[in-house]
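Colleague: Handing you this structure, nothing more for now.
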Amino acid sequence: MPLILFAYISGIIAGNYFHLPSSWIMAGIMGASLIFLIFFFGRKGRAALILSPLIFALLGFLYIGRLLYPDFPSNHLIHLAGDKRYHLEGVLYRPPEPTEEKTRLFVRSEKIYLEEGYFPVVGNLLLTVKDRNGDLRYGDRVRFISKLYLPRPATNPGAFDYRRFLALKEVRVTAYVNNASEVVRMQEGMGNAFFHFIERGREKIRKFLDVNAPPHSRGIIKALVLGERGDIGRETNEKFIVAGVNHILSISGLHVALVAGFFFGATRWTIKLFPSLLLRWNLNKTSALAAVVPVIFYTFIAGLGVAAVRSTIMMLSFLLALLLDREEDLYDALFLAAFLILIVSPAALFDISFQFSFLAVLAIIYLIPRFKEYFSFLQTWPFKSWVEEQPRWKMKILIYLSAGLLTSTAAILGTGPLVGYYFNRISLVGFLANFFLVPLMGFANTLLSLLTALLVFFSLPLAKILTALNVFLINISLGLVDLFSRLPLASQRVTTPTGAELVLLYGMLILAANLKRWKRALPGLIGLAGIFVALQAYGYYAVHHGKELTVSFLDVGQGDAAVVHFPQGGIMVIDGGGSPDGSFDPGERIVAPYLWKAKRKKIDYLVSTHPHPDHLQGLLFLLSNFRVKEVWDNGEGKEDGALSRTFITLAGERLQMMGRGKVHLEIGSVKIEFLHPPLGEKDDKIFQGNNASLVIRLTFGEVSFLFGGDVEAAAEKEILRTQAAMQSTVLKVPHHGSKTSSTPEFVENVRPRFAVFTVRAGGRHRLPHPIVLKRYEDIGAKPYRSDRDGAITFVTNGKDLRVRTFIGNKTGFGPGRIPTSL
């Protein structure tokens, strides 16, 4: 089983990067299945065993390819994505997913209405409603008007690939409406009758909690029993993350295992009270069978969510091992569960919850027996005598506490490297926090929430009593979470580990766990640790002894964000992007992951060109999560809204006002000039808002970069009046290519070889403006656009310049080495 599972997973991973035509995929699946059946049911069973890994590797490759790269029919929604608004009708094939401020609706499309009538369409879409006021349910047929959008792929190094994420959920198109009233319910009760039955029960539980649980506890209970986290505030969620216990809020293998463990133990205890039952029934098998029902009930109450179903399959595999007297074969049970999950849904391999659940269980099974060996001294004198002298109740408590600590430690160690990879954070208090909060919240609160959900259908008074007790314990849990999150150094940010570093970390963990079993474990551990340290030292040397200047313009939508890597290791971030409603933070989602992937936790110079949200918002996250040496701005914004005041507060004494008149600086042989606005002349009306943007020019040898901010015609005229020479190799085009900027005089004087437009794909402003784009093309400038090219990176040694774009050129440099004299 492990070999077949490994082969199947290898095939899925390979199919994620290479794909074949859909007809080939179907033919391959049928052919591989036929070969396997012929060998397996024929007289060549041994040949089937030999060929099985190869066949399943092929199946994994083909299955994931069929999911990620299908042939879409002509009436699929994917062909309608664009600027046109459509009148669409479809059915909600999943329950609505409320978030803190929005609601996500998964719609299976059926019809599209045009002037000449309606036409059938196919394809799933994700409809985002920008409020939570609707009362839609699973199975509702709905109608709405919206544009259709293709989800954005990853357009920056280290960024999240939203298109691939939705494709794995078989969603290819997204749509948006401003409020719930724009989504009209046309019919109820569509879909599966059994799922409707489940949803009616969940709705009854949801309404009960809305009435009987206070707001601060309601979200926690819903998360534990319904799998809905939309009522948990951002501040509370952040505290759970810092304390290292955020996993408790997501239904996973932990919750299912604790529920199964409780009913397994309760059944054993009950049977032991009746000696006659012990003579008739097998104690372990009966207890395992009794645990199956509450586990399945919990899965239904959780809405048959993907993570809950996967966790249930894993748990049922372990219970099945007990029923079949195979309790020693825990590895086989785990591998069987993983194999069944991946056969049904190969995309689960790329789901974070699956990876964490599988690794956590594997780490517990593998590490705990080895941990116990380090406590073998308790079986020797004088410790053994001390243990024998202790009361039985005291030893039971000690054993329970020790088991809880070892289990938490094993799970944290097993998932730790992956947590660093996905979330760039490690919680230094996680071991201690999990020791207290897994029994309290993961077990007690989960069990009380589940029992409350059951009593909602039978006895509301008892349900209210359990809710009151549950709320009391949740208040204690929240107090502990708050305490742990406030401890000094509770959580630390880490850079993104590479694949090689992950292998080394898990290798060191395996060797450290086997120091008492393997004679060569210690030399191997020292060797791997040495390689790991050598990699870190090499990376530090390469960064701080570089001789090239690298400038990356990141794709943050309709906003600006650029990262400058100076020779000898300095880092400058110029603007951090932002969204109009603040719901998407490019600093957290784009700029920070880019820096962490580049192994950077420190920013030497953080620059805000002007205090507009599409430039400023993302800098707040960077100020809070990176070590920032200096902060520069244009001197505006001290009274310009809450965003600017927060920025100034976070910057503190590091904040410096820059502009024309400031003596130029030199950082790593790169000359920094401040061209605008003039210091001391901010009262002039032309130097406010966009026209007060901080304009900077970087010069390294024969190559120069001009960052135009959002300056418009008036400011451009002022810059030309005060600057004798403006020619620059690369220009960050002012104001995203708006027609209010890039006047003919400005373009002619700067005469860039490369013009970078930071614009949003599908943006309503239609930038860059065609007239402006033509101006740059007319002078021979090569345009780059963040909406089409993704992150745009320039690398120069002061003479030659290389360009690469993230989209369409992920593996190398774009047009090769481009002399600046072209």
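Convention: chains lettered A, B, ... in structure tokens order; per-chain residue numbering from 1; ligands numbered from 1 as shown.
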Would you list the contacts of Phe757 of chain A as a ChimeraX atom specification, taking every protein, DNA or RNA residue within 8 Å and counting only C-alpha atoms, but skipping same-chain residues closer than 6 positions in sequence?
Modeller: /A:732-733,736-737,768,783-786
Colleague: Print the selection's residues with N, CA and C atoms to a file, as a PDB file, in the first residue's frame.
Modeller:
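The new file again07.pdb reads:
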ATOM      1  N   LYS A 732       8.735  53.982 -14.235  1.00  0.00           N
ATOM      2  CA  LYS A 732       7.461  53.535 -13.694  1.00  0.00           C
ATOM      3  C   LYS A 732       6.481  54.627 -14.085  1.00  0.00           C
ATOM      4  N   VAL A 733       5.652  54.360 -15.082  1.00  0.00           N
ATOM      5  CA  VAL A 733       4.807  55.380 -15.696  1.00  0.00           C
ATOM      6  C   VAL A 733       3.907  56.028 -14.648  1.00  0.00           C
ATOM      7  N   HIS A 736      -0.332  55.202 -13.356  1.00  0.00           N
ATOM      8  CA  HIS A 736      -0.802  53.967 -13.999  1.00  0.00           C
ATOM      9  C   HIS A 736      -1.128  54.145 -15.480  1.00  0.00           C
ATOM     10  N   GLY A 737      -0.557  55.163 -16.104  1.00  0.00           N
ATOM     11  CA  GLY A 737      -0.841  55.380 -17.526  1.00  0.00           C
ATOM     12  C   GLY A 737      -2.106  56.157 -17.777  1.00  0.00           C
ATOM     13  N   PRO A 768      -3.630  51.034 -19.138  1.00  0.00           N
ATOM     14  CA  PRO A 768      -3.248  52.399 -19.508  1.00  0.00           C
ATOM     15  C   PRO A 768      -4.123  52.956 -20.628  1.00  0.00           C
ATOM     16  N   PRO A 783       6.851  48.672 -23.765  1.00  0.00           N
ATOM     17  CA  PRO A 783       5.938  48.700 -22.617  1.00  0.00           C
ATOM     18  C   PRO A 783       5.858  47.342 -21.919  1.00  0.00           C
ATOM     19  N   TYR A 784       5.776  47.384 -20.597  1.00  0.00           N
ATOM     20  CA  TYR A 784       5.480  46.214 -19.783  1.00  0.00           C
ATOM     21  C   TYR A 784       4.280  46.553 -18.922  1.00  0.00           C
ATOM     22  N   ARG A 785       3.388  45.592 -18.752  1.00  0.00           N
ATOM     23  CA  ARG A 785       2.150  45.809 -17.996  1.00  0.00           C
ATOM     24  C   ARG A 785       2.005  44.729 -16.940  1.00  0.00           C
ATOM     25  N   SER A 786       1.759  45.157 -15.708  1.00  0.00           N
ATOM     26  CA  SER A 786       1.637  44.175 -14.633  1.00  0.00           C
ATOM     27  C   SER A 786       0.403  43.303 -14.799  1.00  0.00           C
TER      28      SER A 786
END
Colleague: Show me, as JSON lines, the residues of segment 346-407 of chain A having an atom within 12 Å of segment 239-249 of chain A, each with the closest atom pair and its distance in Å, using only C-alpha atoms.
Modeller:
{"residue": "A:Ile352", "atom": "CA", "partner": "A:His247", "partner_atom": "CA", "distance": 11.3}
{"residue": "A:Ser353", "atom": "CA", "partner": "A:His247", "partner_atom": "CA", "distance": 9.3}
{"residue": "A:Phe356", "atom": "CA", "partner": "A:His247", "partner_atom": "CA", "distance": 9.5}
{"residue": "A:Ser357", "atom": "CA", "partner": "A:His247", "partner_atom": "CA", "distance": 10.1}
{"residue": "A:Ala360", "atom": "CA", "partner": "A:His247", "partner_atom": "CA", "distance": 11.4}
Colleague: Using only N, CA and C atoms, please write the residues we just selected to a file, as an mmCIF file, in the first residue's frame.
Modeller:
data_model
loop_
_atom_site.group_PDB
_atom_site.id
_atom_site.type_symbol
_atom_site.label_atom_id
_atom_site.label_comp_id
_atom_site.auth_asym_id
_atom_site.auth_seq_id
_atom_site.Cartn_x
_atom_site.Cartn_y
_atom_site.Cartn_z
ATOM 1 N N ILE A 352 -4.313 22.191 1.760
ATOM 2 C CA ILE A 352 -3.489 22.353 2.964
ATOM 3 C C ILE A 352 -4.033 21.515 4.112
ATOM 4 N N SER A 353 -5.361 21.471 4.273
ATOM 5 C CA SER A 353 -5.927 20.731 5.400
ATOM 6 C C SER A 353 -5.608 19.241 5.292
ATOM 7 N N PHE A 356 -1.863 18.816 6.248
ATOM 8 C CA PHE A 356 -1.633 18.955 7.689
ATOM 9 C C PHE A 356 -2.210 17.769 8.457
ATOM 10 N N SER A 357 -3.425 17.335 8.097
ATOM 11 C CA SER A 357 -4.041 16.215 8.805
ATOM 12 C C SER A 357 -3.207 14.947 8.639
ATOM 13 N N ALA A 360 0.176 15.335 10.499
ATOM 14 C CA ALA A 360 0.016 15.336 11.955
ATOM 15 C C ALA A 360 -0.202 13.925 12.472
#
Colleague: By how many Å are atom CA of Leu440 of chain A and atom CA of Ser408 of chain A apart?
Modeller: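 Interatomic distance here is 13.3 Å.
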Colleague: Restricting the calculation to only C-alpha atoms, which member of A:Gly189, A:Gly65, A:Gly303, A:Gly201 is positioned closest to Ala167 of chain A?
Modeller: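 Closest residue, counting only C-alpha atoms: A:Gly65.
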Colleague: For segment 275-284 of chain A, work out the shell of residues within 10 Å, counting only C-alpha atoms and skipping chain neighbours fewer than 6 positions away, then give it as a compact mmCIF listing (two decimals) with C-alpha atoms, in the first residue's frame.
Modeller:
# COMPACT_ATOMS: atom_id res chain seq x y z
CA PHE A 264 -14.78 4.96 22.43
CA GLY A 265 -13.67 5.55 26.03
CA THR A 267 -18.40 2.94 25.75
CA ARG A 268 -15.50 1.00 27.30
CA TRP A 269 -16.23 2.50 30.71
CA ALA A 290 -20.06 2.68 19.05
CA LEU A 319 -11.73 2.13 13.70
CA LEU A 322 -9.68 -2.23 15.42
CA LEU A 323 -12.75 -4.10 14.22
CA ASP A 325 -8.02 -6.99 14.79
CA GLU A 327 -4.82 -2.33 15.49
Colleague: Pick out the closest residue to Asp581 of chain A from this set: A:Lys130, A:Tyr93, A:Ala791, A:Ser624. Count only C-alpha atoms.
Modeller: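 Selected residue with least distance to Asp581 of chain A: A:Lys130.
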Colleague: Which polymer residues have any atom within 9 Å of an atom of Asp787 of chain A, counting only C-alpha atoms, with same-chain residues fewer than 6 positions away left out, as a ChimeraX atom specification?
Modeller: /A:155,555-557,757-762
Colleague: Write to file, as a compact mmCIF listing (two decimals), in the first residue's frame, the residues of the selection just made, with N, CA, C and O atoms.
Modeller:
# COMPACT_ATOMS: atom_id res chain seq x y z
N THR A 155 0.76 35.86 -10.07
CA THR A 155 1.46 36.80 -10.95
C THR A 155 2.72 37.36 -10.32
O THR A 155 3.36 38.23 -10.91
N ASP A 555 2.82 42.94 -9.24
CA ASP A 555 1.44 43.10 -9.67
C ASP A 555 0.55 43.10 -8.44
O ASP A 555 0.29 42.06 -7.84
N VAL A 556 0.08 44.30 -8.05
CA VAL A 556 -0.82 44.43 -6.90
C VAL A 556 -2.18 44.96 -7.35
O VAL A 556 -2.92 45.55 -6.58
N GLY A 557 -2.52 44.75 -8.62
CA GLY A 557 -3.78 45.27 -9.14
C GLY A 557 -3.64 46.75 -9.45
O GLY A 557 -2.61 47.21 -9.95
N PHE A 757 3.86 49.86 -16.72
CA PHE A 757 2.51 50.27 -16.34
C PHE A 757 2.00 49.33 -15.24
O PHE A 757 1.87 48.12 -15.47
N THR A 758 1.72 49.89 -14.07
CA THR A 758 1.18 49.08 -12.97
C THR A 758 -0.33 49.24 -12.99
O THR A 758 -0.87 50.23 -12.48
N VAL A 759 -1.02 48.27 -13.56
CA VAL A 759 -2.46 48.37 -13.78
C VAL A 759 -3.12 47.05 -13.39
O VAL A 759 -2.48 46.01 -13.29
N ARG A 760 -4.43 47.13 -13.23
CA ARG A 760 -5.21 45.97 -12.79
C ARG A 760 -5.85 45.28 -13.99
O ARG A 760 -6.40 45.94 -14.88
N ALA A 761 -5.80 43.98 -14.01
CA ALA A 761 -6.45 43.22 -15.07
C ALA A 761 -7.96 43.39 -14.97
O ALA A 761 -8.55 43.18 -13.91
N GLY A 762 -8.59 43.81 -16.07
CA GLY A 762 -10.04 43.98 -16.08
C GLY A 762 -10.52 45.16 -15.28
O GLY A 762 -11.69 45.24 -14.92
Colleague: List the spatial neighbours of Phe371 of chain A as a PyMOL selection string - criterion: any atom at most 9 Å away, only C-alpha atoms, same-chain residues fewer than 5 positions off excluded.
Modeller: chain A and resi 406+410+513
Colleague: Keeping only N, CA, C and O atoms, write the selected residues to a file as a compact mmCIF listing (two decimals), in the first residue's frame.
Modeller:
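Listed below is the output, part.txt:
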# COMPACT_ATOMS: atom_id res chain seq x y z
N LEU A 406 2.95 14.96 24.73
CA LEU A 406 3.68 14.26 23.68
C LEU A 406 2.93 14.32 22.35
O LEU A 406 3.54 14.50 21.29
N ALA A 410 4.40 16.07 19.06
CA ALA A 410 4.60 15.30 17.82
C ALA A 410 3.89 15.97 16.65
O ALA A 410 4.45 16.10 15.55
N ALA A 513 14.64 11.62 16.10
CA ALA A 513 13.72 10.72 16.77
C ALA A 513 14.29 9.31 16.93
O ALA A 513 13.81 8.54 17.77
Colleague: Could you give me the residues within segment 118-300 of chain A that DSSP places in alpha helix (DSSP H), as a count of residues only?
Modeller: 91
Colleague: Quick one: contact table of segment 469-506 of chain A to segment 449-452 of chain A, 12 Å max, nearest atom pair and distance in Å to one decimal per residue, counting only C-alpha atoms, chain and number order, as JSON lines?
Modeller:
{"residue": "A:Leu469", "atom": "CA", "partner": "A:Ser449", "partner_atom": "CA", "distance": 10.0}
{"residue": "A:Asn470", "atom": "CA", "partner": "A:Ser449", "partner_atom": "CA", "distance": 7.1}
{"residue": "A:Val471", "atom": "CA", "partner": "A:Ser449", "partner_atom": "CA", "distance": 9.7}
{"residue": "A:Leu473", "atom": "CA", "partner": "A:Ser449", "partner_atom": "CA", "distance": 11.2}
{"residue": "A:Ile474", "atom": "CA", "partner": "A:Ser449", "partner_atom": "CA", "distance": 10.6}
Colleague: Could you write those residues out with C-alpha atoms, as a tab-separated table (two decimals), in the first residue's frame?
Modeller:
chain	number	residue	atom	x	y	z
A	469	LEU	CA	-21.59	25.83	30.10
A	470	ASN	CA	-19.94	25.88	26.69
A	471	VAL	CA	-19.82	29.69	26.67
A	473	LEU	CA	-15.46	27.34	28.96
A	474	ILE	CA	-15.01	29.31	25.74
Colleague: Could you tell me which of A:Leu166, A:Val225, A:Leu88, A:Ile341 comes closest to Leu454 of chain A if we count only C-alpha atoms?
Modeller: A:Val225
Colleague: If you run DSSP on this backbone, which residues of segment 356-582 of chain A come out as strand (DSSP E), and could you give them as a list in words?
Modeller: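 Filtering segment 356-582 of chain A to strand (DSSP E) leaves Arg425, Ile426, Ser427, Ser491, Gln492, Arg493, Leu549, Thr550, Val551, Ser552, Phe553, Ala561, Ala562, Val563, Val564, His565, Ile571, Met572, Val573, Ile574, Asp575 and Gly576 of chain A.
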Colleague: Export N, CA and C atoms of the chosen residues as a PDB file, in the first residue's frame?
Modeller:
ATOM      1  N   ARG A 425       5.328  31.623   9.493  1.00  0.00           N
ATOM      2  CA  ARG A 425       5.203  31.958  10.907  1.00  0.00           C
ATOM      3  C   ARG A 425       5.378  30.692  11.738  1.00  0.00           C
ATOM      4  N   ILE A 426       6.074  30.835  12.843  1.00  0.00           N
ATOM      5  CA  ILE A 426       6.131  29.760  13.823  1.00  0.00           C
ATOM      6  C   ILE A 426       5.743  30.351  15.177  1.00  0.00           C
ATOM      7  N   SER A 427       4.953  29.595  15.917  1.00  0.00           N
ATOM      8  CA  SER A 427       4.528  30.041  17.234  1.00  0.00           C
ATOM      9  C   SER A 427       5.435  29.416  18.288  1.00  0.00           C
ATOM     10  N   SER A 491       5.161  34.719  18.655  1.00  0.00           N
ATOM     11  CA  SER A 491       5.151  34.253  17.274  1.00  0.00           C
ATOM     12  C   SER A 491       6.250  34.958  16.498  1.00  0.00           C
ATOM     13  N   GLN A 492       6.920  34.209  15.652  1.00  0.00           N
ATOM     14  CA  GLN A 492       8.005  34.775  14.859  1.00  0.00           C
ATOM     15  C   GLN A 492       7.776  34.502  13.377  1.00  0.00           C
ATOM     16  N   ARG A 493       8.049  35.512  12.574  1.00  0.00           N
ATOM     17  CA  ARG A 493       7.980  35.328  11.134  1.00  0.00           C
ATOM     18  C   ARG A 493       9.246  34.631  10.644  1.00  0.00           C
ATOM     19  N   LEU A 549      22.047  45.359  -9.220  1.00  0.00           N
ATOM     20  CA  LEU A 549      20.850  46.051  -8.754  1.00  0.00           C
ATOM     21  C   LEU A 549      19.639  45.362  -9.374  1.00  0.00           C
ATOM     22  N   THR A 550      18.684  44.989  -8.538  1.00  0.00           N
ATOM     23  CA  THR A 550      17.468  44.329  -9.010  1.00  0.00           C
ATOM     24  C   THR A 550      16.265  45.164  -8.594  1.00  0.00           C
ATOM     25  N   VAL A 551      15.411  45.462  -9.550  1.00  0.00           N
ATOM     26  CA  VAL A 551      14.191  46.220  -9.287  1.00  0.00           C
ATOM     27  C   VAL A 551      13.008  45.404  -9.788  1.00  0.00           C
ATOM     28  N   SER A 552      12.077  45.091  -8.888  1.00  0.00           N
ATOM     29  CA  SER A 552      10.896  44.305  -9.243  1.00  0.00           C
ATOM     30  C   SER A 552       9.646  45.138  -9.034  1.00  0.00           C
ATOM     31  N   PHE A 553       8.852  45.263 -10.100  1.00  0.00           N
ATOM     32  CA  PHE A 553       7.556  45.917 -10.016  1.00  0.00           C
ATOM     33  C   PHE A 553       6.509  44.818  -9.871  1.00  0.00           C
ATOM     34  N   ALA A 561       3.577  48.889  -6.174  1.00  0.00           N
ATOM     35  CA  ALA A 561       4.467  48.254  -5.203  1.00  0.00           C
ATOM     36  C   ALA A 561       5.714  47.821  -5.950  1.00  0.00           C
ATOM     37  N   ALA A 562       6.854  48.315  -5.509  1.00  0.00           N
ATOM     38  CA  ALA A 562       8.128  47.955  -6.129  1.00  0.00           C
ATOM     39  C   ALA A 562       9.124  47.604  -5.037  1.00  0.00           C
ATOM     40  N   VAL A 563       9.965  46.613  -5.330  1.00  0.00           N
ATOM     41  CA  VAL A 563      11.001  46.194  -4.383  1.00  0.00           C
ATOM     42  C   VAL A 563      12.352  46.349  -5.068  1.00  0.00           C
ATOM     43  N   VAL A 564      13.259  47.061  -4.394  1.00  0.00           N
ATOM     44  CA  VAL A 564      14.595  47.320  -4.923  1.00  0.00           C
ATOM     45  C   VAL A 564      15.601  46.535  -4.089  1.00  0.00           C
ATOM     46  N   HIS A 565      16.383  45.673  -4.749  1.00  0.00           N
ATOM     47  CA  HIS A 565      17.466  44.937  -4.101  1.00  0.00           C
ATOM     48  C   HIS A 565      18.776  45.638  -4.492  1.00  0.00           C
ATOM     49  N   ILE A 571      17.570  46.602   1.026  1.00  0.00           N
ATOM     50  CA  ILE A 571      16.232  46.428   0.457  1.00  0.00           C
ATOM     51  C   ILE A 571      15.442  47.728   0.620  1.00  0.00           C
ATOM     52  N   MET A 572      14.803  48.141  -0.460  1.00  0.00           N
ATOM     53  CA  MET A 572      13.888  49.279  -0.427  1.00  0.00           C
ATOM     54  C   MET A 572      12.548  48.835  -0.999  1.00  0.00           C
ATOM     55  N   VAL A 573      11.469  49.175  -0.316  1.00  0.00           N
ATOM     56  CA  VAL A 573      10.119  48.921  -0.811  1.00  0.00           C
ATOM     57  C   VAL A 573       9.465  50.266  -1.071  1.00  0.00           C
ATOM     58  N   ILE A 574       9.033  50.477  -2.316  1.00  0.00           N
ATOM     59  CA  ILE A 574       8.391  51.726  -2.706  1.00  0.00           C
ATOM     60  C   ILE A 574       6.908  51.445  -2.925  1.00  0.00           C
ATOM     61  N   ASP A 575       6.086  51.866  -1.982  1.00  0.00           N
ATOM     62  CA  ASP A 575       4.637  51.657  -1.965  1.00  0.00           C
ATOM     63  C   ASP A 575       4.299  50.178  -1.768  1.00  0.00           C
ATOM     64  N   GLY A 576       3.063  49.944  -1.294  1.00  0.00           N
ATOM     65  CA  GLY A 576       2.665  48.572  -0.982  1.00  0.00           C
ATOM     66  C   GLY A 576       1.327  48.163  -1.538  1.00  0.00           C
TER      67      GLY A 576
END
Colleague: Which neighbours of Tyr17 of chain A fall inside 12 Å, counting only C-alpha atoms, when residues of the same chain fewer than 4 positions from it are skipped, and could you give them as a PyMOL selection string?
Modeller: chain A and resi 10-13+61-62+64-65+68-69+164
Colleague: Write the selection just made, keeping C-alpha atoms, as a PDB file, in the first residue's frame?
Modeller:
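Full text of selection_37.pdb as output:
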ATOM      1  CA  SER A  10       4.014  11.035  -7.722  1.00  0.00           C
ATOM      2  CA  GLY A  11       1.724  10.744 -10.720  1.00  0.00           C
ATOM      3  CA  ILE A  12      -0.577  13.478  -9.375  1.00  0.00           C
ATOM      4  CA  ILE A  13       2.365  15.811  -8.786  1.00  0.00           C
ATOM      5  CA  PHE A  61      -1.033  11.702 -13.706  1.00  0.00           C
ATOM      6  CA  LEU A  62      -4.099  11.355 -15.917  1.00  0.00           C
ATOM      7  CA  ILE A  64      -5.231  15.398 -12.151  1.00  0.00           C
ATOM      8  CA  GLY A  65      -4.604  16.376 -15.766  1.00  0.00           C
ATOM      9  CA  LEU A  68      -6.800  20.900 -14.315  1.00  0.00           C
ATOM     10  CA  TYR A  69      -6.745  20.918 -18.103  1.00  0.00           C
ATOM     11  CA  ARG A 164      -5.377  27.018  -9.705  1.00  0.00           C
TER      12      ARG A 164
END
Colleague: Find the spatial neighbours of segment 217-224 of chain A, counting only C-alpha atoms, within a cut-off of 6 Å - ignore same-chain residues fewer than 6 positions away - and output them as a ChimeraX atom specification.
Modeller: /A:231-232,249,446
